[in-house]
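**Student:** Here you go, this is coords-v4.txt (compact mmCIF, C-alpha atoms).
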# COMPACT_ATOMS: atom_id res chain seq x y z
CA MET A 44 72.02 172.49 72.38
CA ALA A 45 69.58 174.58 74.42
CA LYS A 46 70.66 175.51 77.91
CA LEU A 47 69.52 172.75 80.26
CA THR A 48 68.12 173.24 83.73
CA LEU A 49 68.24 170.79 86.63
CA ASP A 50 64.55 170.11 85.97
CA ASP A 51 65.37 169.23 82.36
CA LEU A 52 68.05 166.87 83.67
CA ARG A 53 65.61 165.16 85.99
CA LYS A 54 63.15 164.59 83.13
CA LEU A 55 65.88 163.26 80.84
CA ARG A 56 66.96 160.88 83.58
CA GLU A 57 63.42 159.64 84.06
CA SER A 58 62.99 158.96 80.34
CA LYS A 59 66.33 157.10 80.26
CA GLN A 60 65.33 155.14 83.35
CA GLN A 61 62.17 153.88 81.68
CA SER A 62 64.11 152.47 78.71
CA MET A 63 66.76 150.97 80.99
CA ASP A 64 64.20 149.22 83.15
CA MET A 65 63.07 147.25 80.09
CA ARG A 66 66.48 145.63 79.69
CA ASP A 67 67.84 142.57 81.43
CA PRO A 68 70.42 143.85 83.90
CA THR A 69 73.46 141.59 83.48
CA ASN A 70 76.93 142.45 84.80
CA LYS A 71 75.17 144.23 87.60
CA ASP A 72 78.23 144.47 89.79
CA ALA A 73 80.79 145.67 87.27
CA HIS A 74 83.01 148.57 88.24
CA ILE A 75 85.54 150.43 86.13
CA ILE A 76 88.04 152.58 87.97
CA VAL A 77 90.29 154.95 86.04
CA GLY A 78 93.50 156.17 87.67
CA MET A 79 93.55 159.94 87.48
CA GLY A 80 96.64 160.93 89.43
CA THR A 81 99.14 163.43 88.05
CA CYS A 82 100.74 160.55 86.16
CA GLY A 83 97.45 159.31 84.69
CA ILE A 84 96.33 162.78 83.66
CA ALA A 85 99.66 163.43 81.94
CA ALA A 86 99.40 160.12 80.08
CA GLY A 87 95.91 160.82 78.73
CA ALA A 88 93.60 159.19 81.28
CA LYS A 89 90.88 161.75 80.63
CA GLU A 90 90.59 160.68 77.01
CA THR A 91 90.44 157.08 78.18
CA PHE A 92 87.76 157.92 80.75
CA ASN A 93 85.67 159.75 78.15
CA ALA A 94 86.01 156.91 75.63
CA ILE A 95 84.83 154.38 78.23
CA ILE A 96 81.79 156.52 79.04
CA GLU A 97 81.00 157.01 75.34
CA GLU A 98 81.26 153.29 74.61
CA LEU A 99 78.99 152.39 77.52
CA ASN A 100 76.42 154.91 76.37
CA GLU A 101 76.63 153.94 72.71
CA ARG A 102 76.02 150.32 73.66
CA ASN A 103 73.30 151.21 76.16
CA ILE A 104 75.13 149.54 79.01
CA SER A 105 73.69 151.21 82.06
CA ASN A 106 74.66 148.99 84.95
CA VAL A 107 78.41 149.56 85.09
CA LEU A 108 79.70 152.07 87.58
CA VAL A 109 82.62 154.18 86.39
CA ARG A 110 84.68 156.26 88.74
CA GLN A 111 87.99 158.01 89.03
CA THR A 112 90.64 157.38 91.60
CA GLY A 113 94.10 158.71 92.32
CA CYS A 114 97.43 157.15 91.46
CA MET A 115 97.38 153.34 91.70
CA GLY A 116 101.15 153.18 92.07
CA LEU A 117 101.76 152.02 88.51
CA CYS A 118 102.94 155.31 87.05
CA HIS A 119 105.10 153.50 84.49
CA SER A 120 102.01 152.03 82.85
CA GLU A 121 99.56 154.94 82.81
CA PRO A 122 96.79 155.34 81.97
CA THR A 123 95.70 152.50 84.24
CA VAL A 124 92.18 151.10 84.48
CA GLU A 125 90.92 148.59 87.03
CA VAL A 126 88.00 146.42 85.99
CA VAL A 127 85.98 144.47 88.55
CA VAL A 128 83.38 142.08 87.18
CA GLU A 129 81.49 139.55 89.25
CA ASN A 130 82.99 136.02 89.06
CA MET A 131 86.16 137.33 87.40
CA PRO A 132 89.44 138.40 88.99
CA ALA A 133 89.92 142.12 89.49
CA ILE A 134 92.25 143.25 86.72
CA ILE A 135 94.37 146.35 86.27
CA TYR A 136 95.05 147.17 82.65
CA GLY A 137 98.04 149.35 81.79
CA ARG A 138 98.71 151.83 78.98
CA VAL A 139 95.00 152.08 78.26
CA ASN A 140 94.44 154.62 75.51
CA ALA A 141 90.96 155.57 74.28
CA ASP A 142 90.82 152.70 71.79
CA LEU A 143 91.83 150.13 74.39
CA GLY A 144 89.27 151.63 76.77
CA ARG A 145 86.58 150.88 74.21
CA GLN A 146 87.93 147.34 73.72
CA ILE A 147 87.69 146.76 77.46
CA ILE A 148 83.96 147.47 77.31
CA VAL A 149 83.40 145.06 74.43
CA LYS A 150 85.71 142.24 75.46
CA HIS A 151 85.92 142.33 79.25
CA ILE A 152 82.56 143.80 80.26
CA MET A 153 80.34 142.35 77.54
CA ASN A 154 82.12 139.12 76.58
CA LYS A 155 83.91 138.34 79.85
CA LYS A 156 87.25 137.92 78.06
CA MET A 157 90.36 139.50 79.50
CA LEU A 158 92.73 141.45 77.26
CA ASP A 159 95.79 139.37 78.10
CA ASP A 160 98.39 141.60 76.45
CA HIS A 161 97.51 144.59 78.60
CA ILE A 162 97.13 143.13 82.07
CA CYS A 163 99.25 145.00 84.58
CA ASP A 164 98.37 143.35 87.86
CA LYS A 165 99.24 144.55 91.33
CA PRO A 166 102.54 143.22 92.68
CA ALA A 167 102.09 140.33 95.12
CA MET A 168 101.93 141.50 98.73
CA ASP A 169 104.58 138.98 99.85
CA ILE A 170 107.04 140.62 97.44
CA ILE A 171 106.40 144.28 98.18
CA GLY A 172 105.55 143.99 101.86
CA SER A 173 102.86 146.01 103.56
CA MET B 798 103.85 170.30 82.33
CA HIS B 799 100.24 169.30 81.83
CA ALA B 800 98.56 169.69 78.45
CA THR B 801 95.54 171.73 79.56
CA VAL B 802 94.41 173.99 82.40
CA CYS B 803 91.79 171.36 83.20
CA ASP B 804 94.57 168.89 83.96
CA TYR B 805 95.86 171.20 86.69
CA ILE B 806 92.33 171.56 88.02
CA SER B 807 91.92 167.76 88.16
CA ASP B 808 95.21 167.39 89.96
CA LEU B 809 94.45 170.05 92.59
CA VAL B 810 90.86 169.04 93.29
CA GLN B 811 92.08 165.49 93.71
CA ASN B 812 94.51 166.75 96.36
CA SER B 813 91.54 168.24 98.21
CA ILE B 814 89.62 164.96 98.02
CA GLU B 815 92.64 163.06 99.32
CA ALA B 816 92.96 165.60 102.13
CA GLY B 817 89.58 164.42 103.39
CA ALA B 818 87.67 167.57 102.49
CA SER B 819 83.89 167.44 102.83
CA LEU B 820 83.42 170.70 100.93
CA ILE B 821 85.45 171.81 97.92
CA GLN B 822 84.82 174.98 95.98
CA LEU B 823 86.18 175.32 92.47
CA ASP B 824 86.12 178.73 90.80
CA VAL B 825 87.07 179.03 87.14
CA TYR B 826 87.32 182.44 85.54
CA THR B 827 88.39 182.96 81.95
CA GLY B 828 88.86 186.40 80.45
CA ALA B 829 90.64 187.89 77.50
CA ASP B 830 93.73 188.61 79.56
CA VAL B 831 93.76 186.11 82.38
CA ILE B 832 92.72 182.62 83.41
CA ARG B 833 92.10 182.51 87.15
CA ILE B 834 91.45 179.32 89.10
CA ARG B 835 90.74 178.96 92.82
CA ILE B 836 90.29 175.72 94.72
CA SER B 837 89.39 175.88 98.38
CA ASP B 838 88.68 173.00 100.71
CA ASN B 839 88.05 172.21 104.34
CA GLY B 840 90.41 169.25 104.41
CA LYS B 841 93.19 168.55 106.83
CA GLY B 842 95.41 171.40 105.62
CA MET B 843 99.19 171.60 105.73
CA SER B 844 101.72 173.12 108.06
CA SER B 845 104.12 175.62 106.55
CA ALA B 846 106.84 172.95 106.70
CA THR B 847 104.70 170.42 104.82
CA LEU B 848 103.69 173.06 102.30
CA SER B 849 107.28 173.96 101.51
CA ARG B 850 108.09 170.26 101.05
CA ALA B 851 105.05 169.84 98.76
CA LEU B 852 106.74 172.14 96.29
CA ASP B 853 109.63 169.69 96.02
CA PRO B 854 108.96 167.22 93.18
CA PHE B 855 110.86 164.53 95.08
CA TYR B 856 108.48 164.70 98.04
CA SER B 857 105.09 163.06 98.50
CA GLU B 858 103.18 163.00 101.74
CA ALA B 859 103.82 159.82 103.73
CA GLY B 860 100.96 157.35 103.31
CA LYS B 861 99.44 159.12 100.32
CA HIS B 862 100.91 156.64 97.88
CA ASP B 863 102.06 153.17 98.85
CA HIS B 864 104.96 152.75 96.50
CA ARG B 865 106.22 156.09 95.40
CA ARG B 866 107.77 159.04 97.07
CA VAL B 867 107.50 161.80 94.49
CA GLY B 868 104.67 164.29 93.97
CA LEU B 869 104.56 166.38 90.84
CA GLY B 870 101.22 168.19 91.06
CA LEU B 871 102.23 171.48 92.72
CA PRO B 872 105.74 171.62 91.23
CA LEU B 873 104.26 171.31 87.72
CA LEU B 874 101.82 174.12 88.49
CA TYR B 875 104.57 176.43 89.71
CA GLN B 876 106.68 175.62 86.68
CA THR B 877 103.88 176.47 84.26
CA ALA B 878 102.83 179.64 86.11
CA GLU B 879 106.40 180.87 85.98
CA ALA B 880 106.61 180.13 82.26
CA VAL B 881 103.43 182.00 81.31
CA ASN B 882 103.64 185.15 83.45
CA GLY B 883 101.25 183.64 85.96
CA SER B 884 101.18 183.28 89.72
CA VAL B 885 100.39 180.70 92.39
CA GLU B 886 99.20 181.36 95.92
CA ILE B 887 98.63 178.72 98.56
CA GLU B 888 97.14 179.34 101.98
CA SER B 889 96.80 176.39 104.29
CA THR B 890 95.99 175.88 107.94
CA PRO B 891 96.31 172.47 109.59
CA GLY B 892 92.88 171.20 110.56
CA GLN B 893 91.06 173.92 108.63
CA GLY B 894 91.82 173.52 104.96
CA THR B 895 93.69 174.81 101.97
CA VAL B 896 93.15 177.43 99.31
CA VAL B 897 95.12 177.19 96.07
CA SER B 898 94.79 180.06 93.60
CA PHE B 899 96.61 180.45 90.35
CA THR B 900 96.55 182.66 87.30
CA PHE B 901 97.89 182.19 83.81
CA ASP B 902 98.33 184.97 81.27
CA ALA B 903 95.60 184.05 78.78
CA ALA B 904 97.46 185.67 75.90
CA HIS B 905 100.84 184.06 76.56
CA ILE B 906 101.88 181.76 73.75
CA ASP B 907 102.84 178.96 76.17
CA THR B 908 99.64 179.07 78.22
CA PRO B 909 97.95 175.70 77.83
CA PRO B 910 94.41 175.61 76.41
CA LEU B 911 91.56 175.41 78.89
CA GLY B 912 90.63 171.85 77.90
CA ASP B 913 87.35 170.03 78.28
CA LEU B 914 85.88 171.70 81.35
CA PRO B 915 82.50 169.85 81.41
CA SER B 916 84.17 166.41 81.30
CA THR B 917 86.72 167.47 83.87
CA VAL B 918 84.17 168.71 86.37
CA VAL B 919 81.81 165.78 86.06
CA GLY B 920 84.80 163.43 86.21
CA LEU B 921 85.84 164.95 89.52
CA MET B 922 82.35 164.37 90.79
CA THR B 923 82.73 160.61 90.22
CA PHE B 924 85.53 160.24 92.77
CA ASP B 925 84.65 157.64 95.36
CA ALA B 926 84.54 159.83 98.45
CA ASP B 927 81.98 161.65 100.54
CA PHE B 928 82.37 165.30 99.61
CA ASP B 929 80.49 168.14 97.98
CA LEU B 930 82.06 169.99 95.08
CA GLU B 931 80.66 173.40 94.29
CA PHE B 932 81.67 174.53 90.82
CA ARG B 933 81.44 178.23 90.04
CA ARG B 934 82.16 179.37 86.50
CA GLU B 935 82.63 182.97 85.52
CA THR B 936 83.55 185.12 82.55
CA ALA B 937 83.68 188.89 82.38
CA ALA B 938 80.01 189.01 81.41
CA ASP B 939 78.33 185.90 82.78
CA ASN B 940 78.42 183.08 85.31
CA TYR B 941 76.78 179.88 86.46
CA ARG B 942 77.20 177.47 89.34
CA VAL B 943 76.31 173.90 90.18
CA SER B 944 77.17 171.49 92.97
CA ARG B 945 77.73 167.77 93.24
CA ALA B 946 75.06 167.58 95.93
CA GLU B 947 72.31 169.06 93.78
CA LEU B 948 73.28 166.95 90.77
CA THR B 949 73.21 163.82 92.92
CA GLU B 950 69.86 164.91 94.32
CA THR B 951 68.57 165.34 90.77
CA LEU B 952 70.03 162.24 89.12
CA GLY B 953 71.20 159.76 91.74
CA ASN B 954 74.60 158.08 91.53
CA LEU B 955 76.84 160.13 89.21
CA GLN B 956 79.09 157.10 88.65
CA GLU B 957 76.43 155.60 86.39
CA SER B 958 77.61 156.26 82.85
CA VAL B 959 74.19 157.53 81.77
CA ASN B 960 74.32 160.14 84.51
CA PHE B 961 77.87 161.11 83.61
CA LYS B 962 76.73 161.84 80.07
CA LEU B 963 73.69 163.78 81.23
CA VAL B 964 75.75 165.95 83.56
CA ARG B 965 78.35 166.54 80.88
CA ASP B 966 75.61 167.61 78.44
CA PHE B 967 74.19 169.85 81.15
CA LEU B 968 77.53 171.53 81.79
CA GLN B 969 78.27 171.81 78.08
CA SER B 970 74.95 173.57 77.57
CA GLN B 971 75.90 176.03 80.32
CA GLU B 972 79.28 176.60 78.67
CA ASN B 973 77.73 177.14 75.24
CA ASP B 974 75.36 179.69 76.71
CA LEU B 975 78.07 181.54 78.62
CA ALA B 976 78.55 185.10 77.39
CA GLN B 977 82.20 186.09 77.14
What does the file become when written as structure tokens?
**Tutor:**
Amino acid sequence: MAKLTLDDLRKLRESKQQSMDMRDPTNKDAHIIVGMGTCGIAAGAKETFNAIIEELNERNISNVLVRQTGCMGLCHSEPTVEVVVENMPAIIYGRVNADLGRQIIVKHIMNKKMLDDHICDKPAMDIIGS
Amino acid sequence: MHATVCDYISDLVQNSIEAGASLIQLDVYTGADVIRIRISDNGKGMSSATLSRALDPFYSEAGKHDHRRVGLGLPLLYQTAEAVNGSVEIESTPGQGTVVSFTFDAAHIDTPPLGDLPSTVVGLMTFDADFDLEFRRETAADNYRVSRAELTETLGNLQESVNFKLVRDFLQSQENDLAQ
């Protein structure tokens, strides 16, 4: 790969933008948040994060925002990934390896089906207090 | 201990973000004999008392995490540095910021591999906070630098997966071109 400049990046972005604009933007408000605290990093969250990005790019899904966050408080189930899709409950998945990260893209983001065996929801506020 | 040097970098830069820093500088130097990392920020800083507690794995700053009271980031770093003939230095001033510097002996058999630096840096840039991250990379013979602000100016929202991939390719091309 030749060394890229910021100008090269801008041109690549513009060419990608033109192809993206031709697609119907569904799932416009989907967010994927990967826990990247010390616990998540140690459990392999970076591999999960990279797999999610790769799957989105391979499937040309351009309207999902992916970001990192710190520890979500579920260190026992790292890597953890929160998925927020419009008209669906916000879900935290636990023990998300790279393969499961890819499944989340296909099943949850694309087909609106939750991966029931991996849901690791937040404890109810009336149980844990403030 | 963490598996790669990049894991320590992720951990420490995240501390800076959580300390409310608006400017974070990350310096990564790799040479034949030494790996040297420096992370400086203008976040809220720590008192000497807080700093000494931060080295205790059974301490985590109040309010940082809702449901846990341990913090392993700095203790893990000290443990690894000690194991690989390295060093850790932390300077922090409340209200002004923190500088964490560490070195690992590059030739030591237990020194972790560097890891995937392009993915790590662009990943840090996707944190949901208002900050600039200036990344400066150096070897004995070469260097390059890039900042979150100029990448955002060039591409827009870095949390879009297409932009993540573009920035990673950009950083990888810089790494591939880096003379050792």
**Student:** Mind giving me the straight-line distance from atom CA of Ile836 of chain B to atom CA of Leu809 of chain B in Å, one decimal?
**Tutor:** 7.3 Å
**Student:** Between chain A and chain B, at 10 Å or less, what are the per-residue closest atom pairs and their distances in Å? Count all atoms listed in the file, order by chain and rising residue number, and return it as JSON lines.
**Tutor:**
{"residue": "A:Met44", "atom": "CA", "partner": "B:Ser970", "partner_atom": "CA", "distance": 6.1}
{"residue": "A:Ala45", "atom": "CA", "partner": "B:Ser970", "partner_atom": "CA", "distance": 6.3}
{"residue": "A:Lys46", "atom": "CA", "partner": "B:Ser970", "partner_atom": "CA", "distance": 4.7}
{"residue": "A:Leu47", "atom": "CA", "partner": "B:Phe967", "partner_atom": "CA", "distance": 5.6}
{"residue": "A:Thr48", "atom": "CA", "partner": "B:Phe967", "partner_atom": "CA", "distance": 7.4}
{"residue": "A:Leu49", "atom": "CA", "partner": "B:Thr951", "partner_atom": "CA", "distance": 6.9}
{"residue": "A:Asp50", "atom": "CA", "partner": "B:Thr951", "partner_atom": "CA", "distance": 7.9}
{"residue": "A:Asp51", "atom": "CA", "partner": "B:Phe967", "partner_atom": "CA", "distance": 8.9}
{"residue": "A:Leu52", "atom": "CA", "partner": "B:Leu963", "partner_atom": "CA", "distance": 6.9}
{"residue": "A:Arg53", "atom": "CA", "partner": "B:Thr951", "partner_atom": "CA", "distance": 5.6}
{"residue": "A:Lys54", "atom": "CA", "partner": "B:Thr951", "partner_atom": "CA", "distance": 9.4}
{"residue": "A:Leu55", "atom": "CA", "partner": "B:Leu963", "partner_atom": "CA", "distance": 7.8}
{"residue": "A:Arg56", "atom": "CA", "partner": "B:Leu952", "partner_atom": "CA", "distance": 6.5}
{"residue": "A:Glu57", "atom": "CA", "partner": "B:Leu952", "partner_atom": "CA", "distance": 8.7}
{"residue": "A:Lys59", "atom": "CA", "partner": "B:Val959", "partner_atom": "CA", "distance": 8.0}
{"residue": "A:Gln60", "atom": "CA", "partner": "B:Val959", "partner_atom": "CA", "distance": 9.3}
{"residue": "A:Met63", "atom": "CA", "partner": "B:Val959", "partner_atom": "CA", "distance": 9.9}
{"residue": "A:His74", "atom": "CA", "partner": "B:Gln956", "partner_atom": "CA", "distance": 9.4}
{"residue": "A:Ile75", "atom": "CA", "partner": "B:Gln956", "partner_atom": "CA", "distance": 9.6}
{"residue": "A:Ile76", "atom": "CA", "partner": "B:Phe924", "partner_atom": "CA", "distance": 9.4}
{"residue": "A:Val77", "atom": "CA", "partner": "B:Phe924", "partner_atom": "CA", "distance": 9.8}
{"residue": "A:Met79", "atom": "CA", "partner": "B:Ser807", "partner_atom": "CA", "distance": 8.0}
{"residue": "A:Gly80", "atom": "CA", "partner": "B:Asp808", "partner_atom": "CA", "distance": 6.6}
{"residue": "A:Thr81", "atom": "CA", "partner": "B:Asp808", "partner_atom": "CA", "distance": 5.9}
{"residue": "A:Cys82", "atom": "CA", "partner": "B:Leu869", "partner_atom": "CA", "distance": 8.4}
{"residue": "A:Gly83", "atom": "CA", "partner": "B:Asp808", "partner_atom": "CA", "distance": 9.9}
{"residue": "A:Ile84", "atom": "CA", "partner": "B:Asp804", "partner_atom": "CA", "distance": 6.4}
{"residue": "A:Ala85", "atom": "CA", "partner": "B:His799", "partner_atom": "CA", "distance": 5.9}
{"residue": "A:Ala86", "atom": "CA", "partner": "B:His799", "partner_atom": "CA", "distance": 9.4}
{"residue": "A:Gly87", "atom": "CA", "partner": "B:Ala800", "partner_atom": "CA", "distance": 9.3}
{"residue": "A:Lys89", "atom": "CA", "partner": "B:Thr917", "partner_atom": "CA", "distance": 7.8}
{"residue": "A:Glu90", "atom": "CA", "partner": "B:Ser916", "partner_atom": "CA", "distance": 9.6}
{"residue": "A:Phe92", "atom": "CA", "partner": "B:Gly920", "partner_atom": "CA", "distance": 8.3}
{"residue": "A:Asn93", "atom": "CA", "partner": "B:Ser916", "partner_atom": "CA", "distance": 7.5}
{"residue": "A:Ile95", "atom": "CA", "partner": "B:Ser958", "partner_atom": "CA", "distance": 8.8}
{"residue": "A:Ile96", "atom": "CA", "partner": "B:Ser958", "partner_atom": "CA", "distance": 5.7}
{"residue": "A:Glu97", "atom": "CA", "partner": "B:Lys962", "partner_atom": "CA", "distance": 8.0}
{"residue": "A:Glu98", "atom": "CA", "partner": "B:Ser958", "partner_atom": "CA", "distance": 9.5}
{"residue": "A:Leu99", "atom": "CA", "partner": "B:Ser958", "partner_atom": "CA", "distance": 6.7}
{"residue": "A:Asn100", "atom": "CA", "partner": "B:Val959", "partner_atom": "CA", "distance": 6.4}
{"residue": "A:Asn103", "atom": "CA", "partner": "B:Val959", "partner_atom": "CA", "distance": 8.5}
{"residue": "A:Ile104", "atom": "CA", "partner": "B:Ser958", "partner_atom": "CA", "distance": 8.1}
{"residue": "A:Ser105", "atom": "CA", "partner": "B:Val959", "partner_atom": "CA", "distance": 6.3}
{"residue": "A:Asn106", "atom": "CA", "partner": "B:Glu957", "partner_atom": "CA", "distance": 7.0}
{"residue": "A:Val107", "atom": "CA", "partner": "B:Glu957", "partner_atom": "CA", "distance": 6.5}
{"residue": "A:Leu108", "atom": "CA", "partner": "B:Glu957", "partner_atom": "CA", "distance": 5.0}
{"residue": "A:Val109", "atom": "CA", "partner": "B:Gln956", "partner_atom": "CA", "distance": 5.1}
{"residue": "A:Arg110", "atom": "CA", "partner": "B:Thr923", "partner_atom": "CA", "distance": 5.0}
{"residue": "A:Gln111", "atom": "CA", "partner": "B:Phe924", "partner_atom": "CA", "distance": 5.0}
{"residue": "A:Thr112", "atom": "CA", "partner": "B:Phe924", "partner_atom": "CA", "distance": 6.0}
{"residue": "A:Gly113", "atom": "CA", "partner": "B:Gln811", "partner_atom": "CA", "distance": 7.2}
{"residue": "A:Cys114", "atom": "CA", "partner": "B:His862", "partner_atom": "CA", "distance": 7.3}
{"residue": "A:Met115", "atom": "CA", "partner": "B:His862", "partner_atom": "CA", "distance": 7.8}
{"residue": "A:Gly116", "atom": "CA", "partner": "B:His864", "partner_atom": "CA", "distance": 5.9}
{"residue": "A:Leu117", "atom": "CA", "partner": "B:His864", "partner_atom": "CA", "distance": 8.6}
{"residue": "A:Cys118", "atom": "CA", "partner": "B:Arg865", "partner_atom": "CA", "distance": 9.0}
{"residue": "A:Ile171", "atom": "CA", "partner": "B:His864", "partner_atom": "CA", "distance": 8.8}
{"residue": "A:Ser173", "atom": "CA", "partner": "B:Asp863", "partner_atom": "CA", "distance": 8.6}
**Student:** Emit as lines of an AutoDock Vina configuration file the padded axis-aligned box for all listed atoms of segment 46-61 of chain A, 5 Å per side, with centre and edge lengths in Å to one decimal.
**Tutor:**
center_x = 66.4
center_y = 164.7
center_z = 82.3
size_x = 18.5
size_y = 31.6
size_z = 18.7
**Student:** For atom CA of Val831 of chain B and atom CA of Glu931 of chain B, determine how far apart the two atoms are, in Å to one decimal place.
**Tutor:**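 If I compute the distance from atom CA of Val831 of chain B to atom CA of Glu931 of chain B, I get 21.8 Å.
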**Student:** Enter the distance from atom CA of Glu935 of chain B to atom CA of Thr877 of chain B, in Å, rounded to one decimal.
**Tutor:** 22.3 Å
**Student:** Find the residues around segment 817-827 of chain B up to 9 Å (only C-alpha atoms counted), leave out those fewer than 6 positions away in its own chain, and share them as a PyMOL selection string.
**Tutor:** chain B and resi 806+810+833-841+894+903+911+926-937+940+944+977
**Student:** Which residues are near Thr123 of chain A? Cut-off 7 Å, all atoms listed in the file, ignore same chain within fewer than 6 positions. Put them as a count of residues only.
**Tutor:** 7
**Student:** Which is closest to Gly892 of chain B among B:Met843, B:Tyr941, B:Ala976, B:Ile832, if we use only C-alpha atoms?
**Tutor:**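 Closest to Gly892 of chain B of all the choices is B:Met843.
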**Student:** Would you kindly return, as an MDAnalysis selection string, each protein, DNA or RNA residue with an atom no farther than 7 Å from any atom of Asn140 of chain A, considering all atoms listed in the file and excluding same-chain residues fewer than 3 positions away?
**Tutor:** chainID A and resid 91 122 143:144
**Student:** Might you pull out every residue within 8 Å of Val127 of chain A, with all atoms listed in the file counted and same-chain residues fewer than 5 positions away left off, and present them as an mmCIF file with C-alpha atoms, keeping the file's coordinate frame?
**Tutor:**
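File produced: around03.cif:
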data_model
loop_
_atom_site.group_PDB
_atom_site.id
_atom_site.type_symbol
_atom_site.label_atom_id
_atom_site.label_comp_id
_atom_site.auth_asym_id
_atom_site.auth_seq_id
_atom_site.Cartn_x
_atom_site.Cartn_y
_atom_site.Cartn_z
ATOM 1 C CA ASP A 72 78.230 144.470 89.790
ATOM 2 C CA ALA A 73 80.790 145.670 87.270
ATOM 3 C CA HIS A 74 83.010 148.570 88.240
ATOM 4 C CA ILE A 75 85.540 150.430 86.130
ATOM 5 C CA PRO A 132 89.440 138.400 88.990
ATOM 6 C CA ALA A 133 89.920 142.120 89.490
ATOM 7 C CA ILE A 134 92.250 143.250 86.720
#
